[in-house]
Each structure stands twice: as structure tokens, then as C-alpha cells.
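Here's the structure we're looking at; comments come further down.
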Amino acid sequence: LRNSSGGGGAAFALLLLGQSVAALAQPIFTNLPARVASTWFASTAEAMAAAAMSNSLGIAIGQVVPPLVVVRQGQAEEGDVTGFSPMLGAQGAVAIAGLAAAALLFGDQPKYPPTAAEGARRAAPRESIAEALAALRRDTARLLSDVPYLVLLGAFGVGLGAFNAILTLVEQWVGTVGYGSEQAGAFGGILIGGGLSATVAAAVALDKTRAYSAIVRGWFAYALLMSLGVVLVLRPGQAVLVGAAFFGLGTGFVPILTCCFEATAAHTYPVNEEVSTGLLMLTGQLTGIGFTAALTRLIELHPSYTGTVWTPVNICFLSIAVLCAALAQLFHGSDMRGRGSSDGPNERDRLLSSA
């Protein structure tokens with residue numbers, strides 16, 4: 001649909017329709033990594049990091065490439081825009097290649113389960129649709145009565161919402177201090193690039209220490225410091241310093257996804273990972289809509305640099321970072337998944353029955 005939008009009066013509506021259809025698949029990609037990691041790998045932290053890095057790499061490409069391909073001829077707002085159709089065509093080709101690779105090369109599960117916990121999940125009888133819906137209601141009720149999970153839900157939801165809003169509005173945000181679309185795309189790519197490198201470090205720390213709660217609290221605090229750094233250096237004429245600050249911001253925010261997914265899967269076991277991490281992502285997406293609207297309005301209130309970094313949008317962004325970091329300091333989860341892995345299927349059945 002997006003590639004067939006072409007020109008004409010209905011082109012934009014068709015483009016939005018294609019975008020909406022593509023968005024229907026997003027929950028699959030955001031909720032699947034936790035289940036794939038536990039199904040295929042004993043070291044789930046590293047597998048989760050790989051999934052997060054793949055997603056982040058795609059976002060980085062999406063931040064850097066479009067401003068280089070889609071350009072406006074001339075300086076006037078009504079100037080012709082070129083490169084849009086080739087960009088959509090390349091995006092469609094990549095999507096088709098990914099579909100073919102998944103259909104031909106990706107299996108449901110390995111021959112042997114990588115952990116005792118995964119073995120217990122496989123040994124459980126296959127549920128009917130009615131049983132699956134009942135289990136979904138039971139798992140959701142259990143999560144919503146779990147105080148540590150609710151604390152993490154709030155911290156992660158606020159943090160992901162802020163991160164999504166910044167990625168969406170990075171061009172407008174840095175445009176307030178005089179940086180153009182190409183520089184904004186570069187800053188977005190640098191942000192994700194910093195996150196990729198830090199995600200590797202987070203995965204190793206999670207896998208080696210299994211100190212999920214401490215790592216979550218520490219990383220949120222670090223993200224707050226990096227947020228302050230971006231706000232303080234976001235001034236005209238210092239693109240290199242701003243780029244370094246965005247790199248630091250990426251090292252603070254991007255690994256939080258891996259840290260929180262791992263902490264959630266460990267703490268809420270034997271609840272299905274799709275449910276526990278899906279609620280995290282849902283909350284983050286919903287808060288992201290609100291934050292994007294609010295930050296857009298704040299940027300409009302202060303659209304150009306006047307000699308101070310304490311603009312409404314910067315104060316709001318920093319306040320959000322303070323809120324999610326403060327919530328994260330209250331998270332003290334447990335490693336129920338480790339207990340299930342060490343005690344085997346009988347312990348899992350006992351945990352499920354007690355739920």
C-alpha cells in the first residue's frame with residue numbers, strides 16, 4: 001500500500017493506510033524477543049540483547065538514511081520533494097527479504113530445550129483457545145497485583161515513552177538550536193549507535209551477575225545523567241559535542257529495554273513472557289503518544305534559541321527522566337525463573353497452581 005501510494009490527492013491517505021497496516025505487526029516484533037530468547041537460548045540476556053540490537057539497528061538506519069535520500073529541491077516550503085518513491089521501494093524490498101528469510105530459515109524451536117524451565121513449558125499440555133484466554137486473564141491479574149512489576153511498569157513505560165517521543169521529534173528538537181534535518185538524522189543514528197554498544201555491556205552484566213534489580217536501578221540512574229548532559233550541551237554551533245551527548249543518551253536509554261525485559265521475565269516467571277513484556281511495551285507506546293504531543297506543543301512555544309538551555313521542552317524531558325529514574329529505584333524484584341530452572345517442572349507446576 002505504501003509503495004503504491006504514488007501521487008495524487010489520495011496518495012497521503014493510502015500512505016497512512018499502509019503505515020497503519022504495518023503498525024498492526026509491531027506488537028509481534030516488540031513482544032516476541034523474550035519468548036524467542038527463552039525458547040532457543042540458555043543465555044537469555046545475550047539473546048535479548050541481540051534482538052534489541054537488531055531493532056535498534058533498524059531504527060538507526062531509519063534515522064540516518066531518509067534525510068539523505070528524500071530531499072527538497074530549493075529552499076521554499078513548496079519546493080519539489082524527490083527520493084520518496086525509491087526509499088519506499090527499498091523499504092519494501094527489505095521487508096520481502098525478511099519475510100522470505102523468516103519463512104524459509106526460522107524454526108519454531110530447537111530439538112532440545114536449552115533450560116529446564118523451557119523444558120517444563122514444552123511438557124505442559126497444549127491449551128485450547130478458551131484455556132489460553134483464561135490463562136491470559138489469570139496472568140494479567142497476577143501481574144497487576146504484583147507491586148514490584150507495577151513499579152517497573154511505571155518506570156519502563158515512562159522511559160520508553162520519552163525515548164520514543166525524542167526519536168520522533170529529534171529534528172524539531174535540535175532544530176530549535178539551528179541544526180538541520182541531515183544533522184538531526186545523524187544525531188538520531190548516533191543515539192542508537194551508542195545504545196547498541198551499551199546493550200552488549202548490559203547483556204554481559206545481566207548474564208554474568210543475574211543482579212537484575214540492581215542493574216535496572218543503576219541503568220535508569222545513568223540514563224538520567226545522560227539526559228542532563230544532552231540538555232546542557234544542546235546549543236548552536238557545537239555539533240560534535242551535541243553528537244557526543246546523543247551517543248551518551250543512547251547508552252543510557254537503549255539498554256533499558258534489555259535490562260527491563262530480563263528483569264521482568266525473571267521476576268514474573270512462570271507468567272508467559274509475551275504477557276509481561278507486552279504490557280511493558282503497551283504502556284511505553286501509550287505514554288509515547290502523550291509525550292510526543294506534549295513535547296511538540298512545548299517546542300512550538302519556544303521554537304528558537306534565546307541563550308538558555310532551560311526551555312520548556314528541555315525542562316519537561318528532564319523531568320520525565322527524573323520521574324522514571326525515581327520509580328526505578330523502588331524496583332526490587334526476585335529471580336523466580338532461576339528457581340524454576342533449578343527445581344525443574346514440579347516447581348513450575350507449583351508456582352502456576354499458586355497463581
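Letters for chains follow the order of the C-alpha cells (A, B, ...), residue numbers begin at 1 for each chain, and ligand numbers begin at 1 in the order shown.
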- Task: Please provide as a count of residues only all residues within 9 Å of A:Leu327, with the sequence filter that same-chain residues fewer than 6 positions apart are discarded (counting only C-alpha atoms).
- Result: 6
- When distances are computed from only C-alpha atoms, which of A:Glu171, A:Glu118, A:Asp108, A:Asp139 shows the smallest separation from A:Ile299?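 Of the candidates, the smallest distance to A:Ile299 is held by A:Glu171.
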- 12 Å contact set for A:Gln91, only C-alpha atoms, chain neighbours under 6 positions out, as a VMD selection string: chain A and resid 2 to 3 22 58 61 to 62 65 to 66 84 to 85 97 to 98
Store the residues picked out above, limited to N, CA, C and O atoms, as a PDB file, in the first residue's frame.
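The resulting selection-v3.pdb:
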```
ATOM      1  N   ARG A   2       1.903   1.249   0.807  1.00  0.00           N
ATOM      2  CA  ARG A   2       2.763   2.427   0.865  1.00  0.00           C
ATOM      3  C   ARG A   2       3.485   2.648  -0.456  1.00  0.00           C
ATOM      4  O   ARG A   2       3.645   3.779  -0.905  1.00  0.00           O
ATOM      5  N   ASN A   3       3.928   1.553  -1.084  1.00  0.00           N
ATOM      6  CA  ASN A   3       4.664   1.691  -2.338  1.00  0.00           C
ATOM      7  C   ASN A   3       3.748   2.017  -3.510  1.00  0.00           C
ATOM      8  O   ASN A   3       4.229   2.506  -4.535  1.00  0.00           O
ATOM      9  N   ALA A  22       0.987  -1.800   8.566  1.00  0.00           N
ATOM     10  CA  ALA A  22       2.309  -2.226   9.038  1.00  0.00           C
ATOM     11  C   ALA A  22       2.388  -2.148  10.562  1.00  0.00           C
ATOM     12  O   ALA A  22       3.024  -2.987  11.208  1.00  0.00           O
ATOM     13  N   GLY A  58      17.824  -1.186  13.018  1.00  0.00           N
ATOM     14  CA  GLY A  58      16.830  -0.737  12.043  1.00  0.00           C
ATOM     15  C   GLY A  58      16.410   0.695  12.283  1.00  0.00           C
ATOM     16  O   GLY A  58      16.240   1.481  11.332  1.00  0.00           O
ATOM     17  N   ILE A  61      19.196   3.039  11.061  1.00  0.00           N
ATOM     18  CA  ILE A  61      19.160   3.193   9.605  1.00  0.00           C
ATOM     19  C   ILE A  61      18.011   4.110   9.210  1.00  0.00           C
ATOM     20  O   ILE A  61      18.147   4.976   8.336  1.00  0.00           O
ATOM     21  N   GLY A  62      16.867   3.935   9.878  1.00  0.00           N
ATOM     22  CA  GLY A  62      15.724   4.785   9.590  1.00  0.00           C
ATOM     23  C   GLY A  62      15.941   6.240   9.953  1.00  0.00           C
ATOM     24  O   GLY A  62      15.325   7.135   9.369  1.00  0.00           O
ATOM     25  N   VAL A  65      19.267   7.326   7.032  1.00  0.00           N
ATOM     26  CA  VAL A  65      19.126   7.224   5.576  1.00  0.00           C
ATOM     27  C   VAL A  65      18.065   8.153   4.984  1.00  0.00           C
ATOM     28  O   VAL A  65      18.346   8.849   3.994  1.00  0.00           O
ATOM     29  N   PRO A  66      16.824   8.200   5.506  1.00  0.00           N
ATOM     30  CA  PRO A  66      15.801   9.025   4.849  1.00  0.00           C
ATOM     31  C   PRO A  66      16.192  10.483   4.608  1.00  0.00           C
ATOM     32  O   PRO A  66      15.934  11.004   3.511  1.00  0.00           O
ATOM     33  N   PHE A  84      11.399  10.008  -2.507  1.00  0.00           N
ATOM     34  CA  PHE A  84      10.465   9.310  -1.622  1.00  0.00           C
ATOM     35  C   PHE A  84      10.117   7.921  -2.155  1.00  0.00           C
ATOM     36  O   PHE A  84      10.114   6.933  -1.410  1.00  0.00           O
ATOM     37  N   SER A  85       9.829   7.838  -3.450  1.00  0.00           N
ATOM     38  CA  SER A  85       9.463   6.539  -4.031  1.00  0.00           C
ATOM     39  C   SER A  85      10.609   5.527  -3.961  1.00  0.00           C
ATOM     40  O   SER A  85      10.384   4.365  -3.592  1.00  0.00           O
ATOM     41  N   ALA A  97      12.411  -9.477   1.746  1.00  0.00           N
ATOM     42  CA  ALA A  97      13.554 -10.348   2.037  1.00  0.00           C
ATOM     43  C   ALA A  97      13.464 -10.901   3.456  1.00  0.00           C
ATOM     44  O   ALA A  97      13.742 -12.084   3.699  1.00  0.00           O
ATOM     45  N   GLY A  98      13.052 -10.066   4.399  1.00  0.00           N
ATOM     46  CA  GLY A  98      12.890 -10.540   5.776  1.00  0.00           C
ATOM     47  C   GLY A  98      11.797 -11.581   5.894  1.00  0.00           C
ATOM     48  O   GLY A  98      11.950 -12.580   6.616  1.00  0.00           O
TER      49      GLY A  98
END
```
- Message: For a quick check of understanding, using only C-alpha atoms, which of A:Leu323, A:Thr296, A:Gly83, A:Arg235 has the smallest distance to A:Val170?
- Response: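 Residue with the minimum atom-to-atom distance to A:Val170: A:Thr296.
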- Can you list, as a PyMOL selection string, every protein, DNA or RNA residue that comes within 8 Å of A:Val177 when you count only C-alpha atoms, leaving out same-chain residues fewer than 3 positions away? chain A and resi 173-174+234-236+304-305
